[in-house]
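Quick look at input33.pdb (PDB, C-alpha atoms):
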```
ATOM      1  CA  LYS L   1       2.072  21.038   7.490
ATOM      2  CA  TYR L   2       3.293  17.518   6.610
ATOM      3  CA  ILE L   3       6.567  16.383   5.088
ATOM      4  CA  PHE L   4       6.658  13.173   3.055
ATOM      5  CA  SER L   5      10.006  11.498   2.425
ATOM      6  CA  LYS L   6      11.766   8.211   1.871
ATOM      7  CA  ALA L   7      12.872   6.925   5.260
ATOM      8  CA  ALA L   8      16.595   7.225   5.862
ATOM      9  CA  PRO L   9      18.469   4.337   7.504
ATOM     10  CA  SER L  10      18.880   6.577  10.552
ATOM     11  CA  ASP L  11      15.048   6.912  10.767
ATOM     12  CA  MET L  12      14.367   3.196  10.940
ATOM     13  CA  ALA L  13      14.508   2.723  14.716
ATOM     14  CA  ASN L  14      11.905   5.499  15.087
ATOM     15  CA  VAL L  15       9.828   4.072  12.220
ATOM     16  CA  VAL L  16       9.794   0.642  13.895
ATOM     17  CA  ALA L  17       8.795   2.154  17.259
ATOM     18  CA  PHE L  18       6.048   4.200  15.585
ATOM     19  CA  LEU L  19       4.621   1.249  13.649
ATOM     20  CA  ASN L  20       4.634  -1.063  16.646
ATOM     21  CA  GLY L  21       2.945   1.623  18.740
ATOM     22  CA  GLU L  22       0.213   2.258  16.174
ATOM     23  CA  GLY L  23      -0.191  -1.412  15.262
ATOM     24  CA  LYS L  24      -0.760  -2.772  18.741
ATOM     25  CA  GLY L  25      -4.405  -1.691  18.593
ATOM     26  CA  PHE L  26      -5.161  -4.025  15.666
ATOM     27  CA  GLN L  27      -5.598  -7.781  15.540
ATOM     28  CA  PHE L  28      -3.107  -9.553  13.265
ATOM     29  CA  TYR L  29      -0.892  -6.479  12.891
ATOM     30  CA  PRO L  30       2.624  -7.853  12.414
ATOM     31  CA  VAL L  31       5.275  -6.916  14.940
ATOM     32  CA  VAL L  32       7.865  -4.893  13.055
ATOM     33  CA  ASN L  33      11.440  -5.816  13.881
ATOM     34  CA  LEU L  34      14.384  -3.601  12.890
ATOM     35  CA  GLU L  35      16.624  -6.602  12.206
ATOM     36  CA  ASP L  36      14.035  -8.070   9.832
ATOM     37  CA  ILE L  37      13.994  -4.829   7.868
ATOM     38  CA  VAL L  38      17.765  -4.341   7.813
ATOM     39  CA  ASN L  39      18.358  -7.991   6.818
ATOM     40  CA  GLU L  40      15.370  -8.125   4.424
ATOM     41  CA  THR L  41      14.017 -11.195   6.183
ATOM     42  CA  TYR L  42      10.888 -10.673   4.093
ATOM     43  CA  ARG L  43      12.317 -10.615   0.589
ATOM     44  CA  GLY L  44      11.886  -7.218  -1.024
ATOM     45  CA  LEU L  45      10.941  -5.447   2.216
ATOM     46  CA  GLY L  46      13.970  -3.508   3.397
ATOM     47  CA  VAL L  47      15.109  -0.102   4.554
ATOM     48  CA  ASN L  48      14.683   1.339   1.040
ATOM     49  CA  SER L  49      11.021   0.297   1.008
ATOM     50  CA  PHE L  50       9.867   2.690   3.740
ATOM     51  CA  TYR L  51       8.412   6.189   3.583
ATOM     52  CA  THR L  52       7.422   8.539   6.370
ATOM     53  CA  VAL L  53       5.175  11.498   6.934
ATOM     54  CA  LYS L  54       6.418  13.887   9.564
ATOM     55  CA  GLN L  55       4.859  16.850  11.267
ATOM     56  CA  GLY L  56       7.841  18.785  12.486
ATOM     57  CA  ASP L  57      10.198  16.125  13.826
ATOM     58  CA  GLU L  58       7.416  13.690  14.742
ATOM     59  CA  ILE L  59       6.536  10.693  12.565
ATOM     60  CA  VAL L  60       2.779  10.738  12.031
ATOM     61  CA  ALA L  61       2.631   8.041   9.332
ATOM     62  CA  ALA L  62       4.847   5.413   7.816
ATOM     63  CA  GLY L  63       4.494   2.633   5.302
ATOM     64  CA  ALA L  64       6.432   0.474   2.894
ATOM     65  CA  VAL L  65       6.194  -0.160  -0.828
ATOM     66  CA  TRP L  66       6.624  -3.929  -1.019
ATOM     67  CA  ASP L  67       7.078  -5.415  -4.487
ATOM     68  CA  GLN L  68       6.682  -9.170  -4.188
ATOM     69  CA  GLY L  69       6.796  -9.689  -7.961
ATOM     70  CA  ASP L  70       9.985 -11.778  -7.853
ATOM     71  CA  TYR L  71       8.117 -14.617  -6.167
ATOM     72  CA  LYS L  72       4.416 -13.775  -6.219
ATOM     73  CA  GLN L  73       2.715 -13.014  -9.504
ATOM     74  CA  TYR L  74      -0.872 -12.687 -10.561
ATOM     75  CA  ILE L  75      -1.434 -13.591 -14.192
ATOM     76  CA  VAL L  76      -4.737 -12.360 -15.590
ATOM     77  CA  ARG L  77      -6.733 -15.296 -16.905
ATOM     78  CA  LYS L  78      -9.958 -13.558 -17.826
ATOM     79  CA  CYS L  79     -11.643 -10.199 -17.464
ATOM     80  CA  SER L  80     -15.386  -9.793 -17.268
ATOM     81  CA  GLY L  81     -17.826  -6.939 -17.151
ATOM     82  CA  ILE L  82     -16.360  -3.466 -17.122
ATOM     83  CA  LEU L  83     -12.805  -4.794 -16.721
ATOM     84  CA  ARG L  84     -13.121  -6.687 -20.016
ATOM     85  CA  LEU L  85     -14.149  -3.490 -21.766
ATOM     86  CA  LEU L  86     -11.335  -1.497 -20.148
ATOM     87  CA  ALA L  87      -8.727  -4.140 -21.026
ATOM     88  CA  SER L  88      -9.744  -4.002 -24.675
ATOM     89  CA  LEU L  89      -9.873  -0.185 -24.831
ATOM     90  CA  PRO L  90      -6.786   1.229 -23.082
ATOM     91  CA  PHE L  91      -7.575   4.766 -24.295
ATOM     92  CA  LEU L  92     -10.751   4.579 -22.199
ATOM     93  CA  CYS L  93      -8.648   3.907 -19.081
ATOM     94  CA  ALA L  94      -6.587   6.999 -19.859
ATOM     95  CA  MET L  95      -9.730   9.112 -20.347
ATOM     96  CA  LEU L  96     -11.107   7.918 -17.001
ATOM     97  CA  GLY L  97      -7.811   8.431 -15.175
ATOM     98  CA  LEU L  98      -7.415   4.691 -14.563
ATOM     99  CA  PRO L  99      -4.343   2.524 -15.048
ATOM    100  CA  ASP L 100      -4.300   0.158 -18.013
ATOM    101  CA  VAL L 101      -6.013  -3.120 -17.219
ATOM    102  CA  PRO L 102      -3.770  -6.049 -18.147
ATOM    103  CA  ARG L 103      -5.073  -8.353 -20.849
ATOM    104  CA  PRO L 104      -5.438 -12.098 -20.338
ATOM    105  CA  GLY L 105      -2.013 -13.718 -20.117
ATOM    106  CA  GLN L 106      -0.349 -10.575 -18.775
ATOM    107  CA  MET L 107       0.992 -10.143 -15.270
ATOM    108  CA  LEU L 108      -0.661  -7.666 -12.923
ATOM    109  CA  LYS L 109       2.032  -5.211 -11.799
ATOM    110  CA  PHE L 110       1.377  -3.972  -8.278
ATOM    111  CA  PHE L 111       2.905  -3.302  -4.899
ATOM    112  CA  THR L 112       1.521  -3.919  -1.452
ATOM    113  CA  LEU L 113       1.318  -1.073   1.047
ATOM    114  CA  ALA L 114       2.940  -2.953   3.906
ATOM    115  CA  ARG L 115       3.789  -2.320   7.535
ATOM    116  CA  TRP L 116       1.869   0.936   7.600
ATOM    117  CA  GLY L 117       0.497   3.019  10.418
ATOM    118  CA  ILE L 118      -1.205   6.384  10.799
ATOM    119  CA  LYS L 119      -1.172   8.412  14.001
ATOM    120  CA  ASN L 120      -4.622   8.228  15.592
ATOM    121  CA  ASN L 121      -5.945   6.777  12.303
ATOM    122  CA  ASP L 122      -6.254  10.323  11.009
ATOM    123  CA  PRO L 123      -7.898  10.245   7.537
ATOM    124  CA  GLU L 124      -6.111  13.406   6.364
ATOM    125  CA  ILE L 125      -2.688  11.948   7.187
ATOM    126  CA  PHE L 126      -3.638   8.597   5.649
ATOM    127  CA  ASN L 127      -4.679  10.212   2.365
ATOM    128  CA  TYR L 128      -1.527  12.329   2.339
ATOM    129  CA  LEU L 129       0.633   9.209   2.809
ATOM    130  CA  LEU L 130      -1.228   7.203   0.195
ATOM    131  CA  ASP L 131      -1.270  10.011  -2.399
ATOM    132  CA  ASN L 132       2.466  10.553  -2.016
ATOM    133  CA  ILE L 133       3.371   6.862  -2.017
ATOM    134  CA  MET L 134       1.328   6.330  -5.180
ATOM    135  CA  ALA L 135       3.140   9.264  -6.814
ATOM    136  CA  GLN L 136       6.537   7.808  -5.828
ATOM    137  CA  ALA L 137       5.616   4.328  -6.999
ATOM    138  CA  GLY L 138       4.731   5.463 -10.511
ATOM    139  CA  GLU L 139       5.944   2.258 -12.171
ATOM    140  CA  TYR L 140       3.184   0.366 -10.366
ATOM    141  CA  PRO L 141      -0.302   1.004 -11.703
ATOM    142  CA  PHE L 142      -1.935  -0.815  -8.777
ATOM    143  CA  CYS L 143      -1.515  -0.847  -5.015
ATOM    144  CA  VAL L 144      -2.902  -3.506  -2.683
ATOM    145  CA  VAL L 145      -3.981  -2.267   0.743
ATOM    146  CA  GLY L 146      -5.457  -4.874   3.038
ATOM    147  CA  VAL L 147      -7.794  -3.765   5.796
ATOM    148  CA  HIS L 148     -10.437  -5.453   7.900
ATOM    149  CA  GLU L 149     -14.020  -4.330   7.333
ATOM    150  CA  SER L 150     -13.976  -2.656  10.753
ATOM    151  CA  HIS L 151     -10.700  -0.759  10.186
ATOM    152  CA  PRO L 152     -11.221   2.941  10.957
ATOM    153  CA  LEU L 153      -9.625   3.982   7.632
ATOM    154  CA  ARG L 154     -11.540   1.534   5.446
ATOM    155  CA  ASN L 155     -14.046   4.192   4.384
ATOM    156  CA  GLN L 156     -11.191   6.394   3.167
ATOM    157  CA  LEU L 157     -10.003   3.550   0.948
ATOM    158  CA  MET L 158     -13.511   2.946  -0.349
ATOM    159  CA  LEU L 159     -13.691   6.587  -1.523
ATOM    160  CA  ARG L 160     -10.763   5.932  -3.898
ATOM    161  CA  LYS L 161     -10.926   4.210  -7.256
ATOM    162  CA  HIS L 162     -10.581   0.579  -6.284
ATOM    163  CA  ILE L 163     -11.305  -3.036  -6.955
ATOM    164  CA  LYS L 164     -12.584  -4.707  -3.829
ATOM    165  CA  TYR L 165     -11.988  -8.344  -3.088
ATOM    166  CA  GLU L 166     -12.774 -10.276   0.025
ATOM    167  CA  SER L 167     -10.792 -12.927   1.826
ATOM    168  CA  LYS L 168     -11.282 -14.891   5.007
ATOM    169  CA  VAL L 169      -8.826 -15.809   7.734
TER     170      VAL L 169
END
```

Written as structure tokens, that's how I'd like the structure from this file.
Amino acid sequence: KYIFSKAAPSDMANVVAFLNGEGKGFQFYPVVNLEDIVNETYRGLGVNSFYTVKQGDEIVAAGAVWDQGDYKQYIVRKCSGILRLLASLPFLCAMLGLPDVPRPGQMLKFFTLARWGIKNNDPEIFNYLLDNIMAQAGEYPFCVVGVHESHPLRNQLMLRKHIKYESKV
């Protein structure tokens, strides 16, 4: 039904058109520019970062794996509650199907799901994209996906194992 793949350079014009079309319905969705992607204007976000989901020849989802670790790191200072327990007992993480929690002083290794869009905000397509991107990005135990509380796919994210944090603009 769906085909997941790394976007080819020849796909990028269609990916950009798709993302801009899907994104225009959201506040603060960044305009995606082909030149920015080709030239890696945003360090680490280039042609090789993008993945697509197609149904036949039509793009129905796209998103990028953006590793900002070269210039943006989160060093764990302290864990509390359940995270403290998980950090001290890595075998428990494995038993629960969770990634290892970094200990204090260690860097959190993650990528950001960036410049993503889903045709008609379809939950099935979104989950298919996210499952496949997570499988491809195996070296990253964590993925950051930012959505507004009113985003139509927020509930799909909340059904996944997650750590929620809030921010204000």

- Task: Can you turn the PyMOL selection byres ((chain L and resi 62-72) around 9) into a concrete residue list for this file, as JSON, numbers by chain?
- Result: {"L": [7, 15, 18, 19, 43, 44, 45, 46, 47, 48, 49, 50, 51, 52, 53, 54, 59, 60, 61, 73, 74, 109, 110, 111, 112, 113, 114, 115, 116, 117, 118, 129, 130, 133, 137, 143]}

- Item | Using all atoms listed in the file: which of L:Phe126, L:Phe26, L:Thr41, L:Ile75 has the shortest distance to Gln106 in chain L |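 Of all the options, L:Ile75 lies closest to Gln106 in chain L.
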
- Polymer residues at most 8 Å from range 153-160 of chain L, only C-alpha atoms, same-chain spacing of 5 or more positions, as a VMD selection string: chain L and resid 121 to 123 126 to 127 147 to 148

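From CA of Gly56 in chain L back to CA of Gly146 in chain L, the distance works out to 28.7 Å.
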
- Just give me the gap between CA of Ala8 in chain L and CA of Phe142 in chain L in Å, one decimal is fine.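 So the answer is 24.9 Å.
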
- Query: So which one's closest to Pro9 in chain L, L:Gly25, L:Ile37, L:His151, L:Tyr128? Using all atoms listed in the file, please.
  - Reply: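 Going through L:Gly25, L:Ile37, L:His151, L:Tyr128 one by one, the smallest distance to Pro9 in chain L is for L:Ile37.
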
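The closest residue to Lys161 in chain L, picked from L:Leu98, L:Ala135, L:Ala17, L:Val32 and counting all atoms listed in the file, is L:Leu98.
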
Within 12 Å of Arg84 in chain L using all atoms listed in the file, minus same-chain residues under 3 positions, as a PDB file with C-alpha atoms, keeping the file's coordinate frame:
```pdb
ATOM      1  CA  VAL L  76      -4.737 -12.360 -15.590  1.00  0.00           C
ATOM      2  CA  ARG L  77      -6.733 -15.296 -16.905  1.00  0.00           C
ATOM      3  CA  LYS L  78      -9.958 -13.558 -17.826  1.00  0.00           C
ATOM      4  CA  CYS L  79     -11.643 -10.199 -17.464  1.00  0.00           C
ATOM      5  CA  SER L  80     -15.386  -9.793 -17.268  1.00  0.00           C
ATOM      6  CA  GLY L  81     -17.826  -6.939 -17.151  1.00  0.00           C
ATOM      7  CA  ALA L  87      -8.727  -4.140 -21.026  1.00  0.00           C
ATOM      8  CA  SER L  88      -9.744  -4.002 -24.675  1.00  0.00           C
ATOM      9  CA  LEU L  89      -9.873  -0.185 -24.831  1.00  0.00           C
ATOM     10  CA  PRO L  90      -6.786   1.229 -23.082  1.00  0.00           C
ATOM     11  CA  LEU L  92     -10.751   4.579 -22.199  1.00  0.00           C
ATOM     12  CA  CYS L  93      -8.648   3.907 -19.081  1.00  0.00           C
ATOM     13  CA  ASP L 100      -4.300   0.158 -18.013  1.00  0.00           C
ATOM     14  CA  VAL L 101      -6.013  -3.120 -17.219  1.00  0.00           C
ATOM     15  CA  PRO L 102      -3.770  -6.049 -18.147  1.00  0.00           C
ATOM     16  CA  ARG L 103      -5.073  -8.353 -20.849  1.00  0.00           C
ATOM     17  CA  PRO L 104      -5.438 -12.098 -20.338  1.00  0.00           C
TER      18      PRO L 104
END
```

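Interatomic distance, CA of Glu124 in chain L to CA of Glu149 in chain L: 19.4 Å.
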
- Message: Between L:Asp11, L:Glu139, L:Asp36, L:Asp131, which residue has the minimum interatomic distance to Glu58 in chain L, considering all atoms listed in the file?
- Response: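 That would be L:Asp11, the residue with the smallest distance to Glu58 in chain L.
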
Give me the box for range 9-14 of chain L as AutoDock Vina command-line options, namely the centre and edge lengths in Å to one decimal of a box along x, y and z that holds every listed atom plus 4 Å on each side.
```
--center_x 15.4 --center_y 4.8 --center_z 11.3 --size_x 15.0 --size_y 12.2 --size_z 15.6
```

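Considering all atoms listed in the file, the residue among L:His162, L:Leu86, L:Val38, L:Asn132 positioned nearest to Val144 in chain L is L:His162.
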
- Using all atoms listed in the file, find the one residue out of L:Val145, L:Lys119, L:Leu96, L:Met134 that sits nearest to Gly23 in chain L. L:Lys119

Place N, CA, C and O atoms on range 34-49 of chain L and deliver the coordinates as a compact mmCIF listing (two decimals), keeping the file's coordinate frame.
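Saved the output as rebuild-v6.txt:
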```txt
# COMPACT_ATOMS: atom_id res chain seq x y z
N LEU L 34 13.34 -4.32 13.63
CA LEU L 34 14.38 -3.60 12.89
C LEU L 34 15.32 -4.56 12.17
O LEU L 34 15.69 -4.33 11.02
N GLU L 35 15.70 -5.65 12.83
CA GLU L 35 16.62 -6.60 12.21
C GLU L 35 16.01 -7.23 10.96
O GLU L 35 16.70 -7.48 9.97
N ASP L 36 14.70 -7.51 11.00
CA ASP L 36 14.04 -8.07 9.83
C ASP L 36 14.09 -7.11 8.65
O ASP L 36 14.24 -7.53 7.50
N ILE L 37 13.95 -5.83 8.94
CA ILE L 37 13.99 -4.83 7.87
C ILE L 37 15.41 -4.68 7.34
O ILE L 37 15.64 -4.72 6.12
N VAL L 38 16.37 -4.53 8.22
CA VAL L 38 17.76 -4.34 7.81
C VAL L 38 18.26 -5.55 7.02
O VAL L 38 18.95 -5.41 6.01
N ASN L 39 17.89 -6.76 7.46
CA ASN L 39 18.36 -7.99 6.82
C ASN L 39 17.45 -8.48 5.70
O ASN L 39 17.69 -9.52 5.11
N GLU L 40 16.37 -7.73 5.42
CA GLU L 40 15.37 -8.12 4.42
C GLU L 40 14.93 -9.57 4.63
O GLU L 40 14.91 -10.38 3.70
N THR L 41 14.54 -9.87 5.86
CA THR L 41 14.02 -11.20 6.18
C THR L 41 12.84 -11.53 5.27
O THR L 41 12.68 -12.66 4.82
N TYR L 42 12.01 -10.53 5.02
CA TYR L 42 10.89 -10.67 4.09
C TYR L 42 11.36 -10.10 2.77
O TYR L 42 11.45 -8.88 2.60
N ARG L 43 11.69 -10.98 1.85
CA ARG L 43 12.32 -10.62 0.59
C ARG L 43 11.62 -9.43 -0.07
O ARG L 43 10.41 -9.44 -0.27
N GLY L 44 12.41 -8.41 -0.37
CA GLY L 44 11.89 -7.22 -1.02
C GLY L 44 11.39 -6.15 -0.07
O GLY L 44 10.99 -5.07 -0.50
N LEU L 45 11.40 -6.43 1.23
CA LEU L 45 10.94 -5.45 2.22
C LEU L 45 12.14 -5.06 3.07
O LEU L 45 12.52 -5.78 4.00
N GLY L 46 12.77 -3.95 2.71
CA GLY L 46 13.97 -3.51 3.40
C GLY L 46 13.92 -2.03 3.71
O GLY L 46 12.90 -1.36 3.51
N VAL L 47 15.02 -1.51 4.16
CA VAL L 47 15.11 -0.10 4.55
C VAL L 47 14.65 0.81 3.42
O VAL L 47 13.94 1.79 3.63
N ASN L 48 15.03 0.48 2.19
CA ASN L 48 14.68 1.34 1.04
C ASN L 48 13.21 1.29 0.66
O ASN L 48 12.78 2.02 -0.22
N SER L 49 12.45 0.43 1.31
CA SER L 49 11.02 0.30 1.01
C SER L 49 10.16 1.31 1.76
O SER L 49 9.01 1.52 1.39
```
